[in-house]
>>> print(open('structure.txt').read())   # compact mmCIF, C-alpha atoms
# COMPACT_ATOMS: atom_id res chain seq x y z
CA MET D 20 97.67 -3.92 46.95
CA LYS D 21 95.19 -6.42 48.20
CA GLY D 22 93.44 -8.49 45.67
CA ARG D 23 90.47 -10.69 45.69
CA PRO D 24 91.44 -14.37 46.30
CA PRO D 25 91.19 -16.41 43.19
CA GLY D 26 88.18 -18.69 42.92
CA LYS D 27 86.26 -16.82 45.53
CA SER D 28 83.44 -14.55 44.96
CA SER D 29 82.35 -11.71 47.11
CA GLY D 30 78.72 -12.65 46.59
CA PRO D 31 76.26 -13.51 43.91
CA ARG D 32 76.95 -11.48 40.83
CA LYS D 33 74.07 -9.54 39.42
CA PRO D 34 73.49 -10.03 35.74
CA ALA D 35 74.27 -7.03 33.60
CA ALA D 36 71.29 -4.83 33.01
CA ALA D 37 69.66 -5.56 29.69
CA PRO D 38 68.31 -2.79 27.54
CA GLN D 39 64.83 -1.77 28.53
CA GLY D 40 63.30 -2.93 25.30
CA ARG D 41 64.86 -6.39 25.55
CA ALA D 42 63.86 -6.76 29.22
CA ARG D 43 60.27 -6.02 28.38
CA GLY D 44 60.41 -8.51 25.56
CA ALA D 45 61.87 -11.25 27.75
CA ALA D 46 59.29 -10.72 30.49
CA LYS D 47 56.52 -10.85 27.96
CA ALA D 48 57.89 -14.12 26.54
CA ALA D 49 58.17 -15.65 30.05
CA ARG D 50 54.58 -14.81 30.83
CA ALA D 51 53.53 -16.40 27.61
CA ARG D 52 55.27 -19.71 28.58
CA LYS D 53 53.68 -19.91 32.06
CA PRO D 54 50.19 -21.36 32.43
CA ASP D 55 47.54 -18.90 33.35
CA ALA D 56 47.26 -18.69 37.12
CA PRO D 57 44.15 -17.59 38.94
CA LYS D 58 44.31 -13.94 39.54
CA ALA D 59 43.89 -12.75 43.02
CA GLY D 60 42.36 -9.49 43.88
CA PRO D 61 39.96 -7.32 42.09
CA LYS D 62 39.87 -7.23 38.30
CA PRO D 63 41.89 -4.30 37.07
CA GLY D 64 39.89 -1.55 35.51
CA PRO D 65 40.42 -0.09 32.04
CA LYS D 66 43.68 1.67 31.36
CA PRO D 67 43.55 5.42 31.48
CA ALA D 68 43.43 7.16 28.13
CA PRO D 69 46.82 8.43 27.03
CA LYS D 70 47.45 12.09 27.34
CA SER D 71 47.08 14.24 24.27
CA ASN D 72 50.78 14.97 24.18
CA ALA D 73 51.79 11.31 24.40
CA ALA D 74 53.93 10.04 21.55
CA LYS D 75 51.92 8.26 18.85
CA PRO D 76 53.20 5.27 16.92
CA ALA D 77 54.89 6.21 13.69
CA VAL D 78 52.56 5.81 10.73
CA PRO D 79 53.90 6.23 7.23
CA PRO D 80 52.52 9.49 5.81
CA ALA D 81 49.91 9.16 3.12
CA LYS D 82 50.93 10.22 -0.33
CA SER D 83 49.55 13.61 -1.22
CA SER D 84 47.22 13.51 -4.17
CA PRO D 85 47.30 16.35 -6.73
CA ALA D 86 44.48 18.82 -6.81
CA LYS D 87 41.83 18.39 -9.45
CA GLY D 88 43.14 19.37 -12.85
CA VAL D 89 46.76 19.48 -11.65
CA SER D 90 49.39 17.34 -13.33
CA LEU D 91 52.52 16.22 -11.53
CA ASP D 92 54.31 15.48 -14.81
CA VAL D 93 56.06 17.70 -17.31
CA ARG D 94 53.76 18.35 -20.25
CA GLN D 95 54.61 18.60 -23.95
CA PHE D 96 52.53 20.54 -26.47
CA ARG D 97 52.83 20.94 -30.23
CA VAL D 98 52.18 24.35 -31.80
CA GLY D 99 49.29 24.17 -34.26
CA THR D 100 48.62 26.03 -37.49
CA ASP D 101 46.33 28.62 -35.88
CA ASP D 102 49.06 29.55 -33.39
CA ASP D 103 51.86 30.09 -35.90
CA GLY D 104 53.64 33.37 -35.17
CA ILE D 105 51.91 34.32 -31.90
CA ARG D 106 53.75 35.26 -28.71
CA LEU D 107 54.44 32.56 -26.15
CA ASP D 108 52.42 34.32 -23.43
CA ARG D 109 49.54 34.65 -25.87
CA TRP D 110 49.75 30.89 -26.52
CA PHE D 111 49.24 30.28 -22.79
CA GLN D 112 46.21 32.62 -22.78
CA ARG D 113 44.62 30.53 -25.53
CA HIS D 114 45.44 27.00 -24.38
CA LEU D 115 46.31 27.18 -20.65
CA PRO D 116 44.35 30.19 -19.37
CA ASP D 117 44.76 29.03 -15.76
CA VAL D 118 48.50 29.72 -15.97
CA GLY D 119 48.99 33.43 -15.29
CA PHE D 120 51.58 35.71 -16.87
CA ASN D 121 53.62 35.87 -13.66
CA THR D 122 53.87 32.08 -13.60
CA VAL D 123 54.97 31.98 -17.22
CA SER D 124 57.61 34.65 -16.53
CA ARG D 125 58.95 32.71 -13.52
CA TRP D 126 59.13 29.50 -15.51
CA THR D 127 61.10 31.21 -18.26
CA ARG D 128 63.49 32.87 -15.78
CA THR D 129 64.24 29.56 -14.11
CA GLY D 130 64.58 27.68 -17.40
CA GLN D 131 61.67 25.34 -16.72
CA LEU D 132 59.74 26.48 -19.79
CA ARG D 133 61.39 25.56 -23.09
CA VAL D 134 60.59 25.69 -26.79
CA ASP D 135 62.23 22.96 -28.87
CA GLY D 136 64.54 22.35 -25.93
CA ALA D 137 65.80 25.95 -25.73
CA ARG D 138 65.02 28.54 -23.10
CA ALA D 139 62.36 31.02 -24.12
CA ALA D 140 60.92 34.35 -23.01
CA PRO D 141 57.21 35.30 -22.76
CA GLY D 142 57.57 37.68 -25.71
CA ASP D 143 59.14 35.12 -28.05
CA ARG D 144 57.00 34.02 -30.97
CA VAL D 145 56.31 30.35 -31.59
CA ALA D 146 56.09 28.62 -34.95
CA GLU D 147 53.92 25.80 -36.20
CA GLY D 148 55.33 22.39 -35.31
CA GLN D 149 57.48 23.56 -32.40
CA SER D 150 57.37 21.66 -29.12
CA ILE D 151 56.60 23.54 -25.90
CA ARG D 152 57.78 21.99 -22.63
CA VAL D 153 55.52 23.09 -19.78
CA PRO D 154 56.38 22.35 -16.11
CA PRO D 155 53.89 20.55 -13.88
CA ALA D 156 50.82 22.62 -13.13
CA GLU D 157 50.71 24.33 -9.76
CA PRO D 158 47.70 23.93 -7.46
CA LYS D 159 45.61 27.06 -7.18
CA ALA D 160 43.64 28.27 -4.23
CA ALA D 161 40.02 27.27 -4.28
CA GLU D 162 37.95 29.88 -6.04
CA THR D 163 34.28 30.48 -6.15
CA VAL D 164 33.07 29.10 -9.46
CA LYS D 165 31.02 31.67 -11.28
CA PRO D 166 28.15 30.34 -13.32
CA LYS D 167 29.04 30.32 -17.00
CA ARG D 168 27.04 32.77 -19.02
CA VAL D 169 24.92 30.92 -21.53
CA ARG D 170 24.10 32.69 -24.76
CA PRO D 171 20.45 32.50 -25.77
CA GLN D 172 19.66 29.85 -28.35
CA LEU D 173 19.02 31.32 -31.79
CA THR D 174 15.72 30.67 -33.46
CA ASP D 175 15.46 29.26 -36.96
CA ASP D 176 14.45 32.71 -38.24
CA GLN D 177 17.52 34.34 -36.66
CA THR D 178 19.82 31.69 -38.12
CA ALA D 179 18.28 32.09 -41.55
CA PHE D 180 18.59 35.89 -41.33
CA ALA D 181 22.27 35.76 -40.28
CA GLN D 182 23.21 33.34 -43.04
CA GLY D 183 21.14 35.29 -45.56
CA ILE D 184 23.28 38.45 -45.22
CA VAL D 185 26.58 36.61 -45.84
CA ILE D 186 28.14 37.80 -49.12
CA HIS D 187 31.54 36.07 -48.81
CA ARG D 188 32.79 32.99 -46.97
CA ASP D 189 36.07 31.07 -47.02
CA ALA D 190 38.13 29.05 -44.54
CA GLN D 191 39.31 32.14 -42.63
CA ALA D 192 36.84 34.97 -43.25
CA ILE D 193 33.19 35.86 -43.58
CA VAL D 194 31.85 39.15 -44.93
CA ILE D 195 28.25 40.15 -44.30
CA ASN D 196 26.20 42.99 -45.74
CA LYS D 197 24.95 44.55 -42.52
CA PRO D 198 21.56 46.20 -42.88
CA PRO D 199 20.97 49.67 -41.43
CA GLY D 200 19.49 49.69 -37.93
CA LEU D 201 21.34 46.56 -36.77
CA ALA D 202 24.06 47.26 -34.19
CA THR D 203 27.42 45.52 -34.44
CA GLN D 204 27.63 44.82 -30.69
CA GLY D 205 25.19 44.93 -27.80
CA GLY D 206 24.81 47.71 -25.27
CA THR D 207 22.25 49.52 -23.17
CA LYS D 208 18.78 48.76 -24.53
CA THR D 209 20.37 46.96 -27.51
CA ASP D 210 19.35 43.33 -27.73
CA ASP D 211 19.61 42.74 -31.49
CA HIS D 212 23.15 42.92 -32.84
CA VAL D 213 25.61 41.11 -35.11
CA ASP D 214 27.61 39.73 -32.20
CA GLY D 215 24.52 37.90 -30.97
CA LEU D 216 24.09 36.20 -34.34
CA LEU D 217 27.62 34.81 -34.71
CA ASP D 218 26.62 31.34 -33.48
CA ALA D 219 24.68 30.96 -36.73
CA LEU D 220 27.87 31.51 -38.76
CA GLU D 221 29.99 28.65 -37.43
CA TYR D 222 29.19 26.40 -40.40
CA GLU D 223 31.56 23.41 -40.70
CA LEU D 224 34.32 24.76 -38.41
CA ASP D 225 32.29 24.34 -35.23
CA GLN D 226 33.87 27.42 -33.60
CA ARG D 227 32.35 30.81 -33.00
CA PRO D 228 33.55 33.56 -35.39
CA LYS D 229 34.99 36.81 -34.02
CA LEU D 230 34.36 40.47 -34.84
CA VAL D 231 37.49 42.38 -35.91
CA HIS D 232 35.98 45.82 -36.64
CA ARG D 233 32.60 47.51 -36.42
CA LEU D 234 30.09 49.70 -38.21
CA ASP D 235 27.72 52.23 -36.66
CA LYS D 236 24.20 51.00 -36.07
CA ASP D 237 22.71 53.18 -38.83
CA THR D 238 25.56 52.52 -41.28
CA SER D 239 25.05 49.62 -43.69
CA GLY D 240 27.47 47.55 -45.72
CA ALA D 241 30.45 45.21 -45.68
CA LEU D 242 31.51 43.92 -42.27
CA LEU D 243 34.44 41.48 -41.99
CA ILE D 244 34.27 38.61 -39.48
CA ALA D 245 37.16 36.24 -38.67
CA ARG D 246 36.44 32.50 -38.49
CA THR D 247 39.52 31.38 -36.52
CA ALA D 248 41.75 32.76 -33.79
CA ARG D 249 44.65 33.00 -36.22
CA SER D 250 42.69 34.99 -38.80
CA ALA D 251 41.27 37.25 -36.06
CA ALA D 252 44.79 38.22 -34.97
CA PHE D 253 45.85 38.68 -38.60
CA PHE D 254 42.90 40.91 -39.54
CA ALA D 255 43.12 42.91 -36.30
CA LYS D 256 46.74 43.73 -37.14
CA ALA D 257 45.72 44.74 -40.67
CA PHE D 258 43.16 47.21 -39.32
CA SER D 259 45.47 48.62 -36.64
CA SER D 260 48.31 49.09 -39.15
CA ARG D 261 45.93 50.68 -41.69
CA THR D 262 46.74 48.19 -44.45
CA ALA D 263 43.06 47.25 -44.77
CA ARG D 264 41.14 49.51 -47.13
CA LYS D 265 37.52 50.50 -46.52
CA VAL D 266 35.50 52.42 -49.11
CA TYR D 267 32.19 54.06 -48.21
CA TRP D 268 29.46 55.67 -50.31
CA ALA D 269 27.49 58.61 -48.96
CA ILE D 270 25.07 61.26 -50.11
CA VAL D 271 25.96 64.63 -48.58
CA MET D 272 24.20 67.95 -48.41
CA GLY D 273 25.49 70.45 -50.97
CA VAL D 274 28.55 69.97 -53.16
CA PRO D 275 32.16 70.30 -51.92
CA SER D 276 34.15 72.93 -53.82
CA ILE D 277 37.13 70.55 -54.04
CA GLU D 278 36.21 67.31 -55.77
CA ASP D 279 39.08 65.23 -54.31
CA GLY D 280 40.04 66.37 -50.83
CA MET D 281 41.55 65.25 -47.54
CA VAL D 282 40.05 66.23 -44.18
CA GLU D 283 42.55 66.25 -41.32
CA LEU D 284 40.81 67.31 -38.12
CA PRO D 285 41.44 65.85 -34.62
CA ILE D 286 38.42 64.22 -32.99
CA ALA D 287 37.52 63.76 -29.31
CA LYS D 288 34.47 62.82 -27.28
CA GLN D 289 32.12 65.72 -26.77
CA PRO D 290 31.76 66.53 -23.05
CA GLY D 291 28.35 65.99 -21.54
CA THR D 292 27.24 63.36 -24.04
CA GLY D 293 28.55 60.30 -22.19
CA GLY D 294 30.78 59.43 -25.13
CA GLU D 295 27.82 59.08 -27.47
CA LYS D 296 28.85 62.03 -29.60
CA MET D 297 32.20 63.17 -31.00
CA HIS D 298 33.41 66.60 -32.09
CA VAL D 299 36.44 68.33 -33.56
CA ASP D 300 38.89 69.24 -30.79
CA GLN D 301 42.11 70.93 -31.89
CA GLU D 302 43.72 70.69 -28.44
CA GLU D 303 42.82 67.26 -27.05
CA GLY D 304 41.49 65.42 -30.09
CA LEU D 305 43.17 62.39 -31.66
CA PRO D 306 44.62 62.80 -35.17
CA SER D 307 42.04 61.81 -37.80
CA ARG D 308 42.25 61.73 -41.59
CA SER D 309 39.48 61.12 -44.12
CA ARG D 310 39.53 61.36 -47.89
CA TYR D 311 36.52 62.16 -50.04
CA ARG D 312 35.98 62.08 -53.81
CA VAL D 313 32.90 63.46 -55.54
CA ILE D 314 31.31 60.81 -57.78
CA GLU D 315 28.37 62.88 -59.09
CA ARG D 316 26.41 65.96 -58.14
CA ALA D 317 22.71 66.81 -58.21
CA GLY D 318 23.04 70.48 -59.04
CA ASN D 319 23.93 72.32 -55.84
CA ARG D 320 21.43 70.33 -53.80
CA ALA D 321 23.43 67.19 -52.96
CA ALA D 322 26.44 65.14 -53.99
CA TRP D 323 27.22 61.45 -54.15
CA VAL D 324 30.69 60.97 -52.68
CA GLU D 325 33.17 58.19 -51.97
CA LEU D 326 34.78 58.27 -48.50
CA GLN D 327 37.93 56.53 -47.30
CA PRO D 328 38.93 56.67 -43.60
CA TYR D 329 42.69 56.61 -43.06
CA THR D 330 42.23 56.42 -39.29
CA GLY D 331 39.58 54.61 -37.28
CA ARG D 332 37.97 57.10 -34.91
CA THR D 333 34.38 56.75 -33.74
CA HIS D 334 31.92 58.46 -36.15
CA GLN D 335 34.93 59.84 -38.02
CA LEU D 336 33.37 60.21 -41.49
CA ARG D 337 30.19 61.73 -40.09
CA VAL D 338 32.08 64.28 -37.97
CA HIS D 339 34.46 65.27 -40.77
CA MET D 340 31.79 65.78 -43.43
CA ALA D 341 29.67 67.85 -41.04
CA ALA D 342 32.76 69.88 -40.05
CA ILE D 343 33.41 70.97 -43.66
CA GLY D 344 29.76 71.96 -44.12
CA HIS D 345 28.49 68.89 -45.97
CA PRO D 346 26.79 66.57 -43.46
CA ILE D 347 25.65 63.14 -44.57
CA VAL D 348 21.99 63.03 -45.57
CA GLY D 349 19.91 61.59 -42.71
CA ASP D 350 22.57 62.24 -40.04
CA GLY D 351 20.63 64.44 -37.64
CA LYS D 352 23.13 63.82 -34.82
CA TYR D 353 25.90 65.79 -36.56
CA GLY D 354 24.02 67.70 -39.24
CA GLY D 355 20.93 68.74 -37.33
CA LYS D 356 17.86 69.82 -39.27
CA GLU D 357 20.03 70.73 -42.25
CA ALA D 358 20.88 67.06 -42.87
CA PHE D 359 17.55 66.13 -44.48
CA LEU D 360 16.32 66.51 -48.04
CA SER D 361 12.71 67.21 -48.82
CA GLY D 362 10.55 65.23 -51.19
CA THR D 363 10.82 61.46 -51.53
CA ILE D 364 14.34 61.17 -50.09
CA SER D 365 14.42 58.84 -47.07
CA ARG D 366 15.28 60.29 -43.67
CA LYS D 367 17.50 57.28 -42.90
CA MET D 368 21.29 57.58 -42.83
CA HIS D 369 22.85 57.54 -46.29
CA LEU D 370 26.23 56.03 -45.38
CA HIS D 371 27.16 52.61 -46.75
CA ALA D 372 30.36 50.53 -46.48
CA ARG D 373 30.59 49.70 -50.19
CA ARG D 374 33.88 47.81 -50.32
CA ILE D 375 36.42 46.16 -48.04
CA ARG D 376 39.83 44.99 -49.20
CA VAL D 377 42.32 43.29 -46.88
CA ASP D 378 45.15 40.78 -47.21
CA HIS D 379 44.15 37.17 -46.55
CA PRO D 380 46.05 35.13 -43.92
CA ASP D 381 46.43 32.26 -46.41
CA GLY D 382 47.65 34.51 -49.21
CA GLY D 383 45.87 36.73 -51.68
CA ARG D 384 43.17 39.18 -50.63
CA VAL D 385 39.61 39.47 -49.47
CA ASP D 386 38.04 42.06 -51.78
CA VAL D 387 34.26 42.31 -51.45
CA ARG D 388 31.60 44.83 -52.48
CA ALA D 389 28.24 45.12 -50.69
CA GLU D 390 25.05 46.09 -52.50
CA LEU D 391 23.15 49.20 -51.35
CA PRO D 392 20.14 49.02 -49.04
CA GLU D 393 16.79 49.86 -50.60
CA HIS D 394 16.46 53.40 -49.23
CA PHE D 395 19.95 54.41 -50.43
CA ALA D 396 19.49 52.97 -53.92
CA ALA D 397 16.07 54.66 -54.22
CA SER D 398 17.58 58.03 -53.23
CA LEU D 399 20.29 57.76 -55.89
CA VAL D 400 17.65 57.11 -58.52
CA SER D 401 15.47 59.98 -57.26
CA LEU D 402 18.40 62.40 -57.47
CA GLY D 403 19.28 61.25 -61.00
CA PHE D 404 22.62 59.57 -60.26
CA ASP D 405 24.06 56.87 -62.51
CA LEU D 406 24.68 53.75 -60.37
CA SER D 407 27.23 52.34 -62.84
CA VAL D 408 29.82 55.07 -62.18
CA GLY D 409 30.07 54.66 -58.41
CA ASP D 410 33.06 52.31 -58.09
CA LEU D 411 36.13 54.52 -58.50
CA PRO D 412 39.53 52.79 -58.70
CA LEU D 413 41.81 53.02 -55.69
CA ASP D 414 45.06 54.90 -56.17
CA GLU D 415 47.10 51.71 -56.22
CA GLU D 416 44.79 50.28 -58.89
CA ILE D 417 45.59 53.10 -61.32
CA ALA D 418 48.47 52.21 -63.63
CA ARG D 419 51.24 54.76 -63.15
CA PRO D 420 55.03 54.71 -62.85
CA PRO D 421 56.33 54.34 -59.27
CA THR D 422 57.23 57.57 -57.53
CA ARG D 423 60.30 58.21 -55.40
CA GLU D 424 58.16 57.69 -52.30
CA ASP D 425 56.97 54.32 -53.62
CA GLU D 426 60.57 53.23 -54.11
CA LYS D 427 61.49 54.26 -50.58
CA LYS D 428 58.52 52.37 -49.19
CA ALA D 429 59.48 49.24 -51.12
CA ALA D 430 63.08 49.52 -49.88
CA ARG D 431 61.91 49.81 -46.26
CA ALA D 432 59.68 46.75 -46.65
CA HIS D 433 62.59 44.77 -48.16
CA ALA D 434 64.91 45.76 -45.31
CA LYS D 435 62.29 44.73 -42.79
CA GLN D 436 62.03 41.27 -44.36
CA ILE D 437 65.81 40.87 -44.18
CA ARG D 438 65.83 41.83 -40.47
CA LYS D 439 63.09 39.29 -39.76
CA GLY D 440 65.09 36.58 -41.54
CA ARG D 441 68.19 37.35 -39.51
CA LYS D 442 66.19 37.30 -36.30
CA GLY D 443 64.92 33.84 -37.22
CA GLU D 444 68.50 32.66 -37.77
CA ARG D 445 69.54 33.93 -34.32
CA ARG D 446 66.64 32.07 -32.74
CA ALA D 447 67.67 28.88 -34.51
CA ARG D 448 71.22 29.21 -33.21
CA GLY D 449 69.93 29.91 -29.71
CA SER D 450 67.79 26.77 -29.77
CA GLY D 451 70.91 24.62 -30.07
CA ALA D 452 70.44 23.65 -33.69
CA GLY D 453 73.90 23.10 -35.06
CA PRO D 454 75.04 23.90 -38.59
CA ARG D 455 73.89 21.52 -41.25
CA LYS D 456 76.46 19.06 -42.49
CA LYS D 457 77.39 19.32 -46.11
CA SER D 458 76.61 16.20 -48.07
>>> encode(input="structure.txt", output="structure tokens")
Amino acid sequence: MKGRPPGKSSGPRKPAAAPQGRARGAAKAARARKPDAPKAGPKPGPKPAPKSNAAKPAVPPAKSSPAKGVSLDVRQFRVGTDDDGIRLDRWFQRHLPDVGFNTVSRWTRTGQLRVDGARAAPGDRVAEGQSIRVPPAEPKAAETVKPKRVRPQLTDDQTAFAQGIVIHRDAQAIVINKPPGLATQGGTKTDDHVDGLLDALEYELDQRPKLVHRLDKDTSGALLIARTARSAAFFAKAFSSRTARKVYWAIVMGVPSIEDGMVELPIAKQPGTGGEKMHVDQEEGLPSRSRYRVIERAGNRAAWVELQPYTGRTHQLRVHMAAIGHPIVGDGKYGGKEAFLSGTISRKMHLHARRIRVDHPDGGRVDVRAELPEHFAASLVSLGFDLSVGDLPLDEEIARPPTREDEKKAARAHAKQIRKGRKGERRARGSGAGPRKKS
């Protein structure tokens, strides 16, 4: 094998090719060291613009900023007194209304939402003092902002009127004596109503009270109003569970043959009236129960009765009394022409919410009586009734030994309390709270 003679070279060796980047750098440095030489030839024109698909120099991406109102941090909230006992999803409706139910459900499924460090479900109830861990808020698509409806400013006369009909006020509840002719809520061609006057009843709490039940426009008397969100939920439950007691006074046409009776007739909306009138409907009506007790009678002409609704159907007392042949005086809608007395008796409705009794959220009870409107009181006097005998005791206010049914009811209530206590213990164990150490 022939080899290349030592010490001899076959020609000038070419330097190894440098990387392209280094070669460009070296050439640039060499040009910088040489003095500027006169350029021959025409001056070069401007460089052509790079093509749109040419690679651009890398620029560090800008940090994305959160949308307005969106937090990038985990949030911690403390459950307040007004929220004690409400469901977790209801807590979000009150305090974070922008977070929908689906989002809350997803957070609970993935364990991002926690109460006192433990996983929670939307239906779990929170207690005062508990800590709620809420994940960072999620940006929402831009929505068209609807102009906020502004309630009309009340005049001094309206404020004075609203505060003048208050007959009870405490930290959680207000009771007014609603005059006849004033609607509870607004509607078609109804501008004056109790709901429109609630701004005048904020007093020192600086929050708008809430209606929890209603009275017909032509019915007068005691109307309960909640002052806080907590009391509104409490009272609403009392009315829905029928633990609240409402006592009405009425003057009816004729005299019922049974002095203490119960009317159980199903009620439905009457077709063709647009829901403005109800009637007894044995097939499609909702179960309805009303009790009446005769207080006094004016011969066979009229009777002064006490009424207690055990259900809460629209116009229930008016429909039931008309159905048994004793419509309320002044109720032309359900009694027709036969619902009016001649002489000096007013043609206005003679139905008055005399008393309301309901448990108080802070303990004890709200138990208030409302005085009669002028036309009702005048009619009682004209018919010869004794105003001092009107307030009959409720059944539970009459001293009597407990019946077997009372004992069963008490036993069921006791068992329910025990179940609630055990449920609370299971929640405590699920939250990771270990057993207390004995001292």
>>> closest_residue(input="structure.txt", among="D:Tyr311, D:Trp323, D:Trp268, D:Tyr222", to="Leu391 (chain D)", atoms="all atoms listed in the file")
D:Trp268
>>> residues_around(input="structure.txt", residues="Asn319 (chain D)", least_positions_apart="3", cutoff="9 Å", atoms="all atoms listed in the file", output="VMD selection string")
chain D and resid 272 to 274 316 322
>>> residues_around(input="structure.txt", residues="Ala252 (chain D)", least_positions_apart="5", cutoff="12 Å", atoms="only C-alpha atoms", output="list of chain:residue names")
D:Asp101, D:Asp102, D:Asp103, D:Gly104, D:Ile105, D:Arg106, D:Arg109, D:Gln191, D:Ala192, D:Lys229, D:Leu230, D:Val231, D:His232, D:Ile244, D:Ala245, D:Arg246, D:Thr247, D:Ala257, D:Phe258, D:Ser259, D:His379, D:Pro380
>>> write_last_selection(input="structure.txt", atoms="C-alpha atoms", output="short mmCIF file (atom, residue, chain, number, x, y, z; two decimals), in the frame of the given file")
data_model
loop_
_atom_site.label_atom_id
_atom_site.label_comp_id
_atom_site.auth_asym_id
_atom_site.auth_seq_id
_atom_site.Cartn_x
_atom_site.Cartn_y
_atom_site.Cartn_z
CA ASP D 101 46.33 28.62 -35.88
CA ASP D 102 49.06 29.55 -33.39
CA ASP D 103 51.86 30.09 -35.90
CA GLY D 104 53.64 33.37 -35.17
CA ILE D 105 51.91 34.32 -31.90
CA ARG D 106 53.75 35.26 -28.71
CA ARG D 109 49.54 34.65 -25.87
CA GLN D 191 39.31 32.14 -42.63
CA ALA D 192 36.84 34.97 -43.25
CA LYS D 229 34.99 36.81 -34.02
CA LEU D 230 34.36 40.47 -34.84
CA VAL D 231 37.49 42.38 -35.91
CA HIS D 232 35.98 45.82 -36.64
CA ILE D 244 34.27 38.61 -39.48
CA ALA D 245 37.16 36.24 -38.67
CA ARG D 246 36.44 32.50 -38.49
CA THR D 247 39.52 31.38 -36.52
CA ALA D 257 45.72 44.74 -40.67
CA PHE D 258 43.16 47.21 -39.32
CA SER D 259 45.47 48.62 -36.64
CA HIS D 379 44.15 37.17 -46.55
CA PRO D 380 46.05 35.13 -43.92
#
>>> atom_distance(input="structure.txt", atom1="CA of His369 (chain D)", atom2="CA of Pro392 (chain D)")
9.4 Å
>>> closest_residue(input="structure.txt", among="D:Arg388, D:Arg261, D:Thr178, D:Leu326", to="Leu243 (chain D)", atoms="all atoms listed in the file")
D:Arg388
>>> residues_near_point(input="structure.txt", point="(56.6, 21.0, -21.0)", cutoff="8 Å", atoms="all atoms listed in the file", output="list of chain:residue names")
D:Val93, D:Arg94, D:Gln95, D:Phe96, D:Gln131, D:Leu132, D:Arg133, D:Ile151, D:Arg152, D:Val153, D:Pro154, D:Pro155
>>> write_last_selection(input="structure.txt", atoms="C-alpha atoms", output="compact mmCIF listing (two decimals), keeping the file's coordinate frame")
# COMPACT_ATOMS: atom_id res chain seq x y z
CA VAL D 93 56.06 17.70 -17.31
CA ARG D 94 53.76 18.35 -20.25
CA GLN D 95 54.61 18.60 -23.95
CA PHE D 96 52.53 20.54 -26.47
CA GLN D 131 61.67 25.34 -16.72
CA LEU D 132 59.74 26.48 -19.79
CA ARG D 133 61.39 25.56 -23.09
CA ILE D 151 56.60 23.54 -25.90
CA ARG D 152 57.78 21.99 -22.63
CA VAL D 153 55.52 23.09 -19.78
CA PRO D 154 56.38 22.35 -16.11
CA PRO D 155 53.89 20.55 -13.88
>>> residues_around(input="structure.txt", residues="Ser239 (chain D)", least_positions_apart="5", cutoff="6 Å", atoms="all atoms listed in the file", output="NGL selection string")
:D and (197-199 or 371)
>>> residues_around(input="structure.txt", residues="Arg128 (chain D)", least_positions_apart="2", cutoff="10 Å", atoms="only C-alpha atoms", output="list in words")
Thr122, Val123, Ser124, Arg125, Trp126, Gly130, Gln131, Leu132, Arg138, Ala139, Ala140 and Pro141 of chain D
>>> write_last_selection(input="structure.txt", atoms="C-alpha atoms", output="compact mmCIF listing (two decimals), keeping the file's coordinate frame")
# COMPACT_ATOMS: atom_id res chain seq x y z
CA THR D 122 53.87 32.08 -13.60
CA VAL D 123 54.97 31.98 -17.22
CA SER D 124 57.61 34.65 -16.53
CA ARG D 125 58.95 32.71 -13.52
CA TRP D 126 59.13 29.50 -15.51
CA GLY D 130 64.58 27.68 -17.40
CA GLN D 131 61.67 25.34 -16.72
CA LEU D 132 59.74 26.48 -19.79
CA ARG D 138 65.02 28.54 -23.10
CA ALA D 139 62.36 31.02 -24.12
CA ALA D 140 60.92 34.35 -23.01
CA PRO D 141 57.21 35.30 -22.76
>>> residues_around(input="structure.txt", residues="Arg320 (chain D)", least_positions_apart="3", cutoff="12 Å", atoms="only C-alpha atoms", output="list in words")
Ile270, Val271, Met272, Gly273, Val274, Pro275, Glu315, Arg316, Ala317, Trp323, His345, Val348, Glu357, Ala358, Phe359, Leu360, Ser361, Leu402 and Gly403 of chain D
>>> atom_distance(input="structure.txt", atom1="CA of Met281 (chain D)", atom2="CA of Leu305 (chain D)")
16.2 Å
>>> closest_residue(input="structure.txt", among="D:Gly409, D:Leu242, D:Arg97, D:Phe120", to="Val377 (chain D)", atoms="all atoms listed in the file")
D:Leu242
>>> closest_residue(input="structure.txt", among="D:Ser407, D:Glu295, D:Ala430, D:Ala321", to="Gly206 (chain D)", atoms="all atoms listed in the file")
D:Glu295
>>> atom_distance(input="structure.txt", atom1="CA of Met368 (chain D)", atom2="CA of Arg308 (chain D)")
21.4 Å
